[in-house]
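**Student:** Quick one: structure below, then a few questions.
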Amino acid sequence: MATDAAILTAAERLAPRPAPRWAKALRNPRTIAALAVILLTLAMALCAPWLAPHGYKDQYRGEENLAPGAYLLGTDDLGRDILSRMMYGAQVSLAVGLCATLVSMLIGVAVGLLSGYFGGWADSVLMRFTDTIAAFPSLLLAMAITAVYDRPHQTMAERIAVLIFALGIVGWTGMARLVRSQVLTIKGEDYVNAARALGAEDRHIILRHVLPNCVSPIIVVATLAIGGNILGEAGLSFLGLGVQAPFPSWGGMLADARNYVDTFWWQAVFPGTAIVITVLAFNLFGDSLRDALDPKALK
Amino acid sequence: MNRIGVLAAIVLGVAGLFLYLAITGFSSDSLDGKFLRLAIDTDPKTLDPISITDTISDGLARKVFNGLVKLKKDGDAYVPTGDLAEKFEISPDGTRYTFWLRKGVKFHNGREVKASDFVYSIGRLLGPGSTRADWVKPFVKGSEAFFKDPTAPLGVKAVDDYTLEIELEKPFAPFIQHLCTVNLSVVPKECADDKSKPFARNPVGTGPFKFSEWKDSERVVLRRFDDYFKGRPKLDGVAFLIVKEPITRLRKYENGELHATDIPNGKVKEATAKAGPENVLEYTTWRTNYIGFGMPNGKYADHKELQPYGSNKLLRQAISYAIDREYLCTKVLEGRGVPAKGILPPGMPAFKEGRPGWPHDLEKAKALLAEAGYPEGKGLPKITLLHRNDENTKMIVQALQQDMEKIGVPVELQARDWNAFLSQVDDNPQPMYVLGWVADYGDPDNFLFVLFHTKQWGEAGNNTRFSNPKVDELVEKARGLAAMTDRAPLYHEAESIILDEMPWVPTYHVRNVVLLRKEVKGIREHITPFDTGTEFPQIDFHLVDIE
Amino acid sequence: MHTYLLRRILQTLPVLVGVALIAFVFSELAGSPIRGLLGQSTSEDIRRKVEAYYGFDKSRPERFLNYMQRLSKGDLGVSIVQNGEPVTKLLLGGLAVTAKLALGAIFIAIVLGVSLGILAARRPNSLIDYGASIFASVGVSFPAFFLGILLIMVFSVRLKLLPIGGYEEGQVKYLILPCVSLGLISTASIARLTRNCMIEALSKDFVRLARAKGVSEWSAVLHHALTNALVPVITVIGNDFASLLTGAVLTETVFGLPGIGLKLSRAIFSHDLPVVMGACVVLSLIFVVANLLVDLSYSFLDPRIRYGD
């Protein structure tokens, strides 16, 4: 056994390792700006209970629909501070955006690896399944899922889990196809053949040789998917499928503001802008990562 | 073909196709002539009288159909009077109803209405696809058997072409009111049975307007029926534009594209001021909105989630005093509500004047809370407030939540869509929910029996599972009496008991504030408390005109 | 080529059956729409009769088989909530509106996107290039419904040029803002792709040759630009088709356009199972066909890509 292990290690040495290029990515001012926005939003979300000037559901009667001023970003139709609600709303957007991406990454990587590595009927079945999911317009499927999983006495955490699950389960097909194509290339490489010839188990080859070589594209694609998932959450909330009121979400605040587009513009403009800026930051950050980690392959 | 050519072809093709489709569209009826243009926020669910349960379908169908009787204003009351029936008579024992029909009334297909058409239509209400068999069953003789087997004899018969007789199992005073609902309209058998044209989408009736066009999510168009039995309608037609967004409806009104509209949340003051008082129509409807509390009665005794709010009436009373109904009505609803002081809406028969209601009083609320055993709300578990997931309700429950939390009652909101909401409150009593009830007809039985009698538990209407033997006895007794003067005291007493037990915390009665152009005649002066929305179901539309 | 086509078409069949199955499972979990039909006060035996009338008394496998049987004959059934309206008719009406929306959006996206891409590529790293790249980045980050609301604020509320929403057959004014708000988002990706393809092409020798020959710079750029813009345009139309349909749901909601997205979301909220399932099947079919067409057009446009070996 010991010899086998030694030989395998030798084979691994043949495998090309992606060189860390993180440092390079961070030298770009665009990346720094994007990262700063992301961190700032994250900090605002996490510290909302301490930073927010008011509670998210505190209604100040008689102070409804105030323009920005005494309340920094104005108040809504029930007299609640919009800034505070946006800070709490960031919790939902970020939690759902990040976790949904994680879920779709896990599913996508698993399906892509299995499908690409084993080929044959497993590949056919998994790819047909992928096609089926991809054939649904994603938001509609997410709508159906969130509408169905609307059980009595659902808690806040459960609702967020449903949103994560819904967006995660519709968003993995691109990742699966990418990983599959990467695996198909890697599978033909000499060091993988060498490892297999030496009797390495499939699990070992997948985890030690194939997966590490897919890491950069996976990270890039996942980062770029975060923005999409934040948009997805905003869309679902806008349609009334998001978290339970009075807890705020950016999409929900936009929906509430729809009647007031001609009078109280701030009620729509600020939450909307928050969505754009956050998504933009994640997209720019993803672009930078792509440029730095894998300038050719992913273009 | 080179690539530039292909690109140009794609661009031109897309643009051309777009323009062609956008401009031509499918052919549809033009609305030239004197059309009253009204807006509805969603499609009617159906225009077949036997399956109508929503107010929009009701409002539209009433312009196409007629029944035996309809409500007519008489002083302050609304009493059933003849519509297609010239007159009617109820036997002294209250079980035999005889209707003498008008002669020469025509369906839109030209055929004359006979008594046999009513026999068919009432039987049809007990048949498949009907959602409102409750109006007839179990009151009409033989209806239970007929419901299960349509060959069984039913107590509805055509004595001759113009005389109809309905026999009841036992006296039931509100039955004549049931006959005023749209569900008991007369329909022609040859059209209703025609499978090639679903009747729900191709209705044929006797009303002042005949159905002309229904484009899903776009509009429903009705056109004048020249042979209407009360005379030729003054309008050429009525167009119902389906406009989902409230703000868009208001804009369309302001641009002159609509004759009437409701007003979006937060815009009532602004819109009414802009339109001027002569274009505003305001009246209180017979709708009571309330907070319901599930009661741990009967088989629900061991439902833990109903404790302690369902078993301790002092808690419910404390909540009633904590609610700032004035703020709700004037600020949140901008005048579209009247603080409720009881269950029956003002103006309804047997409405009792002078009930004190529950003026907003935090001290009293806190005192009641302490008396209930929870001073400052200490030890009170969080209660879930279930509500319907629509924009209006969402706003109201958030205001209610704030009111209750102010005295220390911790509340958690839960929104569900209409279908899921109904299933939930029907299947099990809910700790707390927000709902409203609009009178189907002008009789207190429609509130106090339907919603509070023990027999009505669950989907039949008593969602709180309230149960009180005295109330059961009173409302049952009142049902069998003919004169309102005899019935009213019984209803007063029943209502007082319910208000003390408080399965409901009544919040407000809905006030309809809509814009209606002053040129439109024949609506404003005849408006009734049943006329929710801007479909005006109770108005005689053959008299409506645009100057 | 023919075998390839045949294989692709055969592959879509299991996909469609899968879509129908998934749609059925979700519809079933959502529960029947009967309570909503009945309203607030009905006795239990009446509910049971109505449930039986709509076939809810049968077992689930039986209902799914019935559905698939009818589907194979091209019958999508009738709506329950919209009382008996054939689903096919309902969806076709919606598709007619959505098609207009999507076509208008694609048109805007192509014209604007290609022009922006050309401008940016002509002077890489110039102000225009940066501007275009910022526009592209912001564009993909914009939720279509927020863009719609902003457009309403400017063009309907402030300038009072266009209606705030609603729809009437045959009137272009109701479609302008929805098409713009949906189209601008794809504009960004088309611009970005066109720019990259152009820069690559312009650096090639034959362009330099054209310049040396004295062909004016603009005509060289334009010629190659348009030649090379084609592939990105088709790619984006193909890739964005799903997101266009998705975006259409939200855009239709904001503007109240009676397209298929609005009808589907209405059906989801009212548990109108036949409509939900029908819409899923129809949308997936459109999507699959669109993908097939895009793949085929590649092989037509780029002789290097061949199928069927």
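Within each chain, counting starts at residue 1; across the structure tokens, chains are named A, B, ... in the order shown, with ligands numbered 1 upward in that order.
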Please identify every residue of chain C that has at least one atom no more than 7 Å from any atom of chain B, counting only C-alpha atoms, and report them as an NGL selection string.

**Tutor:** :C and (33 or 35-44 or 46 or 49-50 or 53 or 81-84 or 90 or 100 or 103-104 or 107 or 164-166 or 169-172 or 226-227 or 230 or 256 or 258 or 269-270)

**Student:** Keeping only N, CA and C atoms, take the residues you just selected and write them out as a tab-separated table (two decimals), in the first residue's frame.

**Tutor:**
```tsv
chain	number	residue	atom	x	y	z
C	33	PRO	N	-57.15	24.72	-6.38
C	33	PRO	CA	-57.64	26.09	-6.31
C	33	PRO	C	-59.09	26.17	-5.84
C	35	ARG	N	-60.77	26.05	-2.97
C	35	ARG	CA	-61.20	26.94	-1.89
C	35	ARG	C	-61.36	28.37	-2.37
C	36	GLY	N	-60.40	28.80	-3.20
C	36	GLY	CA	-60.47	30.16	-3.73
C	36	GLY	C	-61.70	30.34	-4.60
C	37	LEU	N	-62.10	29.28	-5.31
C	37	LEU	CA	-63.29	29.36	-6.16
C	37	LEU	C	-64.55	29.51	-5.32
C	38	LEU	N	-64.55	28.84	-4.16
C	38	LEU	CA	-65.78	28.76	-3.38
C	38	LEU	C	-66.02	29.98	-2.52
C	39	GLY	N	-64.95	30.67	-2.13
C	39	GLY	CA	-65.15	31.84	-1.29
C	39	GLY	C	-65.27	31.48	0.17
C	40	GLN	N	-65.89	32.36	0.94
C	40	GLN	CA	-65.78	32.29	2.38
C	40	GLN	C	-66.81	31.44	3.09
C	41	SER	N	-67.87	31.05	2.41
C	41	SER	CA	-68.89	30.28	3.12
C	41	SER	C	-69.54	29.27	2.19
C	42	THR	N	-69.19	28.01	2.35
C	42	THR	CA	-69.76	26.95	1.53
C	42	THR	C	-69.82	25.70	2.38
C	43	SER	N	-70.84	24.87	2.17
C	43	SER	CA	-70.86	23.66	2.98
C	43	SER	C	-69.97	22.59	2.35
C	44	GLU	N	-69.57	21.64	3.19
C	44	GLU	CA	-68.55	20.69	2.79
C	44	GLU	C	-68.98	19.83	1.61
C	46	ILE	N	-70.85	20.56	-0.81
C	46	ILE	CA	-70.77	21.31	-2.06
C	46	ILE	C	-69.33	21.37	-2.53
C	49	LYS	N	-68.41	18.15	-4.16
C	49	LYS	CA	-68.99	18.00	-5.49
C	49	LYS	C	-68.18	18.82	-6.51
C	50	VAL	N	-67.79	20.03	-6.12
C	50	VAL	CA	-67.01	20.86	-7.04
C	50	VAL	C	-65.64	20.23	-7.29
C	53	TYR	N	-66.04	17.59	-9.72
C	53	TYR	CA	-66.32	18.17	-11.03
C	53	TYR	C	-65.02	18.48	-11.77
C	81	VAL	N	-59.58	28.33	-12.63
C	81	VAL	CA	-59.91	29.63	-12.02
C	81	VAL	C	-60.58	30.54	-13.05
C	82	GLN	N	-60.09	30.50	-14.30
C	82	GLN	CA	-60.73	31.29	-15.35
C	82	GLN	C	-61.86	30.47	-15.96
C	83	ASN	N	-62.58	29.79	-15.11
C	83	ASN	CA	-63.78	29.01	-15.45
C	83	ASN	C	-63.92	28.53	-16.88
C	84	GLY	N	-63.15	27.50	-17.24
C	84	GLY	CA	-63.41	26.83	-18.50
C	84	GLY	C	-62.74	27.40	-19.72
C	90	LEU	N	-55.78	30.85	-23.79
C	90	LEU	CA	-55.28	31.78	-22.78
C	90	LEU	C	-53.81	32.09	-23.03
C	100	LYS	N	-44.38	40.44	-28.82
C	100	LYS	CA	-44.13	41.84	-29.17
C	100	LYS	C	-43.09	42.43	-28.25
C	103	LEU	N	-39.64	40.89	-29.06
C	103	LEU	CA	-39.10	41.36	-30.34
C	103	LEU	C	-38.64	42.80	-30.25
C	104	GLY	N	-39.44	43.63	-29.65
C	104	GLY	CA	-39.07	45.03	-29.49
C	104	GLY	C	-37.79	45.15	-28.69
C	107	PHE	N	-34.80	44.03	-30.73
C	107	PHE	CA	-34.47	45.05	-31.74
C	107	PHE	C	-33.64	46.17	-31.09
C	164	ILE	N	-48.34	55.24	-18.22
C	164	ILE	CA	-47.67	54.69	-17.05
C	164	ILE	C	-47.76	53.16	-17.03
C	165	GLY	N	-48.64	52.62	-17.81
C	165	GLY	CA	-48.80	51.17	-17.86
C	165	GLY	C	-50.11	50.84	-18.54
C	166	GLY	N	-50.46	49.55	-18.52
C	166	GLY	CA	-51.70	49.14	-19.18
C	166	GLY	C	-51.41	48.70	-20.59
C	169	GLU	N	-54.68	46.69	-27.45
C	169	GLU	CA	-54.28	46.07	-28.71
C	169	GLU	C	-54.05	47.12	-29.78
C	170	GLY	N	-52.91	46.98	-30.50
C	170	GLY	CA	-52.71	47.83	-31.66
C	170	GLY	C	-52.12	49.19	-31.37
C	171	GLN	N	-51.78	49.46	-30.10
C	171	GLN	CA	-51.22	50.77	-29.78
C	171	GLN	C	-49.77	50.62	-29.31
C	172	VAL	N	-48.86	51.19	-30.11
C	172	VAL	CA	-47.44	51.00	-29.82
C	172	VAL	C	-47.02	51.71	-28.54
C	226	LEU	N	-19.61	44.75	-38.90
C	226	LEU	CA	-20.89	44.10	-39.09
C	226	LEU	C	-20.72	42.61	-39.32
C	227	THR	N	-19.67	42.27	-40.09
C	227	THR	CA	-19.44	40.85	-40.32
C	227	THR	C	-19.25	40.12	-39.00
C	230	LEU	N	-22.20	39.54	-36.06
C	230	LEU	CA	-23.28	38.60	-36.23
C	230	LEU	C	-23.28	37.48	-35.20
C	256	GLY	N	-48.03	46.08	-16.27
C	256	GLY	CA	-49.36	45.52	-16.41
C	256	GLY	C	-49.67	45.08	-17.83
C	258	PRO	N	-50.54	42.26	-20.45
C	258	PRO	CA	-51.15	40.93	-20.30
C	258	PRO	C	-50.41	39.85	-21.08
C	269	PHE	N	-50.35	32.29	-8.37
C	269	PHE	CA	-50.92	32.81	-7.13
C	269	PHE	C	-52.34	32.30	-6.87
C	270	SER	N	-53.06	31.94	-7.93
C	270	SER	CA	-54.42	31.45	-7.69
C	270	SER	C	-54.49	29.93	-7.78
```

**Student:** Could you list the residues in chain A lying within 9 Å of chain C, using only C-alpha atoms, and format the result as a PyMOL selection string?

**Tutor:** chain A and resi 128-129+131-141+143-145+147-150+227-228+231-232+234-235+238-239+251+254+258+261-262+265+268-269+272-273+275-281+283-284

**Student:** Could you list, with a cut-off of 9 Å and counting only C-alpha atoms, the residues of chain B near chain A, each shown with its nearest atom pair and the distance in Å rounded to one decimal, rows sorted by chain and ascending number, as a tab-separated table?

**Tutor:**
```
residue	atom	partner	partner_atom	distance
B:Glu245	CA	A:Asn259	CA	8.3
B:Pro246	CA	A:Asn259	CA	7.4
B:Ile247	CA	A:Asn259	CA	5.7
B:Pro264	CA	A:Asn259	CA	6.8
B:Asn265	CA	A:Asn259	CA	7.2
B:Gly266	CA	A:Asp77	CA	7.3
B:Lys267	CA	A:Asn259	CA	8.3
B:Tyr327	CA	A:Arg61	CA	8.6
B:Lys331	CA	A:Gly62	CA	8.5
B:Val332	CA	A:Leu78	CA	7.6
B:Thr384	CA	A:His153	CA	7.5
B:Leu386	CA	A:His153	CA	8.9
B:Asn389	CA	A:Gly240	CA	7.7
B:Asp390	CA	A:Gly240	CA	8.6
B:Glu391	CA	A:Asp256	CA	7.8
B:Lys394	CA	A:Ala245	CA	7.6
B:Met395	CA	A:Leu78	CA	7.7
B:Gln398	CA	A:Pro246	CA	6.6
B:Ala399	CA	A:Leu78	CA	7.5
B:Gln402	CA	A:Gln59	CA	7.3
B:Glu412	CA	A:Pro246	CA	8.9
B:Leu413	CA	A:Ala245	CA	6.8
B:Gln414	CA	A:Gln244	CA	6.4
B:Ala415	CA	A:Gln244	CA	6.8
B:Arg416	CA	A:Asp150	CA	7.3
B:Asp417	CA	A:Ala147	CA	8.7
B:Ala420	CA	A:Asp150	CA	8.7
B:Gln424	CA	A:Pro152	CA	7.7
```

**Student:** Determine which residues of segment 50-284 of chain C DSSP labels as helix (DSSP H, G or I) from the backbone of this structure, then write them out as a PyMOL selection string.

**Tutor:** chain C and resi 50-53+60-72+87-122+127-141+144-158+173-202+205-212+217-255+260-270+273-284

**Student:** Mind checking DSSP for segment 72-223 of chain B and telling me the strand (DSSP E or B) residues as a VMD selection string?

**Tutor:** chain B and resid 72 to 74 77 to 82 85 to 90 96 to 101 106 112 140 156 to 160 163 to 168 209 to 215 219 to 223

**Student:** Env of Ala222 of chain A: 7 Å cut, atoms = only C-alpha atoms, seq-sep filter 3 positions within chain, self excluded. Answer as a ChimeraX atom specification.

**Tutor:** /A:101,105,218-219,225-226

**Student:** Give me the residues within 7 Å of Arg336 of chain B as a short mmCIF file (atom, residue, chain, number, x, y, z; two decimals) with C-alpha atoms, in the first residue's frame, counting only C-alpha atoms and dropping any in the same chain fewer than 3 places off.

**Tutor:**
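Below is the file part_28.cif, written as the result:
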```cif
data_model
loop_
_atom_site.label_atom_id
_atom_site.label_comp_id
_atom_site.auth_asym_id
_atom_site.auth_seq_id
_atom_site.Cartn_x
_atom_site.Cartn_y
_atom_site.Cartn_z
CA CYS B 329 -59.45 54.85 9.15
CA LEU B 333 -57.13 54.08 4.85
CA VAL B 510 -65.35 49.73 4.42
CA ARG B 511 -66.17 53.09 2.92
CA ASN B 512 -66.00 53.22 -0.84
CA VAL B 513 -64.31 56.38 -2.10
#
```

**Student:** Using only C-alpha atoms, which residues sit within 12 Å of Tyr78 of chain B once same-chain residues fewer than 4 positions away are excluded, as a compact mmCIF listing (two decimals) with all heavy atoms, in the first residue's frame?

**Tutor:**
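Result went into result-v6.txt, see below:
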```
# COMPACT_ATOMS: atom_id res chain seq x y z
N VAL B 69 -86.39 38.35 -8.39
CA VAL B 69 -86.58 39.55 -7.57
C VAL B 69 -85.24 40.27 -7.46
O VAL B 69 -84.19 39.70 -7.73
CB VAL B 69 -87.06 39.17 -6.16
CG1 VAL B 69 -88.53 38.85 -6.16
CG2 VAL B 69 -86.28 38.01 -5.59
N LYS B 70 -85.31 41.54 -7.09
CA LYS B 70 -84.07 42.24 -6.79
C LYS B 70 -84.31 43.21 -5.64
O LYS B 70 -85.46 43.53 -5.31
CB LYS B 70 -83.52 42.96 -8.02
CG LYS B 70 -84.37 44.11 -8.51
CD LYS B 70 -83.63 44.88 -9.60
CE LYS B 70 -82.44 45.60 -8.99
NZ LYS B 70 -81.57 46.25 -9.94
N LEU B 71 -83.20 43.67 -5.04
CA LEU B 71 -83.34 44.56 -3.89
C LEU B 71 -83.71 45.94 -4.36
O LEU B 71 -83.17 46.44 -5.35
CB LEU B 71 -82.01 44.63 -3.12
CG LEU B 71 -81.61 43.34 -2.43
CD1 LEU B 71 -80.23 43.48 -1.82
CD2 LEU B 71 -82.63 42.97 -1.35
N LYS B 72 -84.63 46.56 -3.65
CA LYS B 72 -85.00 47.91 -4.00
C LYS B 72 -84.99 48.76 -2.75
O LYS B 72 -85.41 48.30 -1.69
CB LYS B 72 -86.38 47.92 -4.64
CG LYS B 72 -86.59 49.17 -5.43
CD LYS B 72 -87.78 49.10 -6.35
CE LYS B 72 -87.94 50.46 -7.00
NZ LYS B 72 -89.30 50.81 -7.25
N LYS B 73 -84.52 49.98 -2.89
CA LYS B 73 -84.42 50.85 -1.73
C LYS B 73 -85.82 51.30 -1.32
O LYS B 73 -86.62 51.72 -2.14
CB LYS B 73 -83.56 52.06 -2.07
CG LYS B 73 -83.12 52.79 -0.83
CD LYS B 73 -82.08 53.86 -1.16
CE LYS B 73 -81.93 54.71 0.08
NZ LYS B 73 -80.66 54.98 0.54
N ASP B 74 -86.09 51.16 0.00
CA ASP B 74 -87.40 51.57 0.51
C ASP B 74 -87.13 52.25 1.83
O ASP B 74 -86.92 51.58 2.83
CB ASP B 74 -88.28 50.32 0.67
CG ASP B 74 -89.65 50.69 1.24
OD1 ASP B 74 -90.01 51.91 1.20
OD2 ASP B 74 -90.34 49.79 1.73
N GLN B 177 -84.37 36.77 0.07
CA GLN B 177 -83.12 37.50 -0.16
C GLN B 177 -82.16 36.66 -0.99
O GLN B 177 -81.44 37.19 -1.85
CB GLN B 177 -82.45 37.83 1.18
CG GLN B 177 -83.32 38.62 2.13
CD GLN B 177 -83.07 40.11 2.03
OE1 GLN B 177 -82.27 40.56 1.22
NE2 GLN B 177 -83.77 40.88 2.84
N CYS B 180 -82.42 37.07 -4.54
CA CYS B 180 -81.91 38.32 -5.12
C CYS B 180 -80.45 38.18 -5.58
O CYS B 180 -79.94 39.07 -6.24
CB CYS B 180 -81.98 39.46 -4.12
SG CYS B 180 -83.65 39.89 -3.64
N TRP B 286 -71.68 47.65 3.17
CA TRP B 286 -72.02 46.68 4.20
C TRP B 286 -70.94 45.62 4.30
O TRP B 286 -71.14 44.46 4.03
CB TRP B 286 -73.40 46.07 3.92
CG TRP B 286 -74.50 47.01 4.30
CD1 TRP B 286 -74.35 48.18 4.98
CD2 TRP B 286 -75.88 46.87 4.04
NE1 TRP B 286 -75.57 48.79 5.15
CE2 TRP B 286 -76.53 48.00 4.58
CE3 TRP B 286 -76.66 45.91 3.39
CZ2 TRP B 286 -77.90 48.20 4.50
CZ3 TRP B 286 -78.02 46.09 3.31
CH2 TRP B 286 -78.63 47.23 3.85
N GLY B 347 -76.78 50.82 9.11
CA GLY B 347 -77.77 50.91 8.04
C GLY B 347 -78.42 49.57 7.73
O GLY B 347 -79.46 49.50 7.09
N MET B 348 -77.78 48.48 8.20
CA MET B 348 -78.33 47.17 7.93
C MET B 348 -79.56 46.96 8.83
O MET B 348 -79.59 47.45 9.95
CB MET B 348 -77.26 46.15 8.28
CG MET B 348 -77.64 44.77 7.94
SD MET B 348 -76.16 43.91 7.43
CE MET B 348 -76.85 42.65 6.47
N PRO B 349 -80.57 46.23 8.35
CA PRO B 349 -81.70 45.93 9.23
C PRO B 349 -81.19 45.28 10.51
O PRO B 349 -80.28 44.48 10.47
CB PRO B 349 -82.53 44.92 8.41
CG PRO B 349 -82.15 45.17 7.00
CD PRO B 349 -80.76 45.68 7.00
N TYR B 441 -76.58 39.78 1.12
CA TYR B 441 -77.90 40.38 0.97
C TYR B 441 -78.21 41.11 2.28
O TYR B 441 -77.50 40.95 3.27
CB TYR B 441 -78.97 39.32 0.65
CG TYR B 441 -78.92 38.11 1.54
CD1 TYR B 441 -79.57 38.13 2.77
CD2 TYR B 441 -78.22 36.97 1.17
CE1 TYR B 441 -79.52 37.03 3.61
CE2 TYR B 441 -78.17 35.88 2.00
CZ TYR B 441 -78.83 35.91 3.22
OH TYR B 441 -78.78 34.84 4.05
N GLY B 442 -79.24 41.91 2.27
CA GLY B 442 -79.48 42.79 3.41
C GLY B 442 -80.23 42.17 4.54
O GLY B 442 -81.32 42.63 4.89
N ASP B 443 -79.71 41.10 5.13
CA ASP B 443 -80.39 40.49 6.26
C ASP B 443 -79.35 40.12 7.31
O ASP B 443 -78.31 39.55 6.97
CB ASP B 443 -81.13 39.22 5.78
CG ASP B 443 -82.13 38.74 6.82
OD1 ASP B 443 -81.70 38.36 7.93
OD2 ASP B 443 -83.33 38.77 6.53
N HIS B 526 -78.43 56.39 -7.06
CA HIS B 526 -79.03 55.11 -6.69
C HIS B 526 -78.06 54.17 -5.99
O HIS B 526 -78.34 52.99 -5.86
CB HIS B 526 -79.58 54.41 -7.95
CG HIS B 526 -80.59 55.21 -8.68
ND1 HIS B 526 -81.80 55.55 -8.12
CD2 HIS B 526 -80.58 55.78 -9.91
CE1 HIS B 526 -82.49 56.28 -8.99
NE2 HIS B 526 -81.77 56.43 -10.07
N ILE B 527 -76.91 54.70 -5.58
CA ILE B 527 -75.86 53.82 -5.04
C ILE B 527 -76.35 53.11 -3.77
O ILE B 527 -77.12 53.67 -3.00
CB ILE B 527 -74.58 54.64 -4.78
CG1 ILE B 527 -73.37 53.74 -4.80
CG2 ILE B 527 -74.64 55.42 -3.49
CD1 ILE B 527 -72.94 53.35 -6.17
N THR B 528 -75.96 51.85 -3.61
CA THR B 528 -76.37 51.07 -2.44
C THR B 528 -75.14 50.59 -1.68
O THR B 528 -74.04 50.60 -2.25
CB THR B 528 -77.17 49.82 -2.86
OG1 THR B 528 -76.23 48.87 -3.39
CG2 THR B 528 -78.24 50.13 -3.87
N PRO B 529 -75.31 50.15 -0.44
CA PRO B 529 -74.15 49.67 0.31
C PRO B 529 -73.59 48.37 -0.23
O PRO B 529 -72.55 47.91 0.23
CB PRO B 529 -74.72 49.45 1.73
CG PRO B 529 -76.08 50.00 1.74
CD PRO B 529 -76.54 50.17 0.35
N PHE B 530 -74.25 47.74 -1.21
CA PHE B 530 -73.71 46.51 -1.80
C PHE B 530 -72.76 46.81 -2.95
O PHE B 530 -72.14 45.92 -3.49
CB PHE B 530 -74.82 45.62 -2.38
CG PHE B 530 -75.88 45.25 -1.39
CD1 PHE B 530 -77.08 45.92 -1.36
CD2 PHE B 530 -75.65 44.23 -0.50
CE1 PHE B 530 -78.05 45.57 -0.46
CE2 PHE B 530 -76.62 43.87 0.40
CZ PHE B 530 -77.82 44.55 0.43
N GLN B 538 -75.54 46.72 -8.15
CA GLN B 538 -76.96 46.88 -7.83
C GLN B 538 -77.66 47.95 -8.67
O GLN B 538 -78.86 48.12 -8.58
CB GLN B 538 -77.13 47.21 -6.34
CG GLN B 538 -76.64 46.12 -5.41
CD GLN B 538 -77.48 44.86 -5.49
OE1 GLN B 538 -78.66 44.90 -5.82
NE2 GLN B 538 -76.86 43.73 -5.21
```

**Student:** Which residues, written as a list in words, have at least one atom at most 10 Å from Glu233 of chain A, with only C-alpha atoms counted and residues fewer than 6 positions away on the same chain left out?

**Tutor:**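 Close residues of Glu233 of chain A: Val92, Ser93, Leu94, Ala95, Val96, Gly97, Ala100, Leu139, Ala142, Ile160, Leu163, Ile164, Ala166, Leu167, Gly227, Leu239, Leu241, Gly242, Val243, Ser249, Trp250, Gly251 and Gly252 of chain A.
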
**Student:** Can you tell me which residues surround Cys179 of chain C at a distance of at most 10 Å, considering only C-alpha atoms, apart from same-chain residues fewer than 5 positions away, and format the answer as a list of chain:residue names?

**Tutor:**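 Counting only the stated atoms, we get C:Lys100, C:Leu101, C:Ala102, C:Leu103, C:Gly104, C:Ala105, C:Ile106, C:Phe107, C:Ile108, C:Ala109, C:Gly148, C:Tyr174, C:Leu184, C:Ala248, C:Thr251.
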
**Student:** For each of A:Thr130, A:Gly119, A:Glu201, A:Asn229, take the minimum atom-to-atom distance to Met175 of chain A, counting only C-alpha atoms, then give the residue where this is smallest.

**Tutor:**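 Of A:Thr130, A:Gly119, A:Glu201, A:Asn229, the one nearest Met175 of chain A, counting only C-alpha atoms, is A:Thr130.
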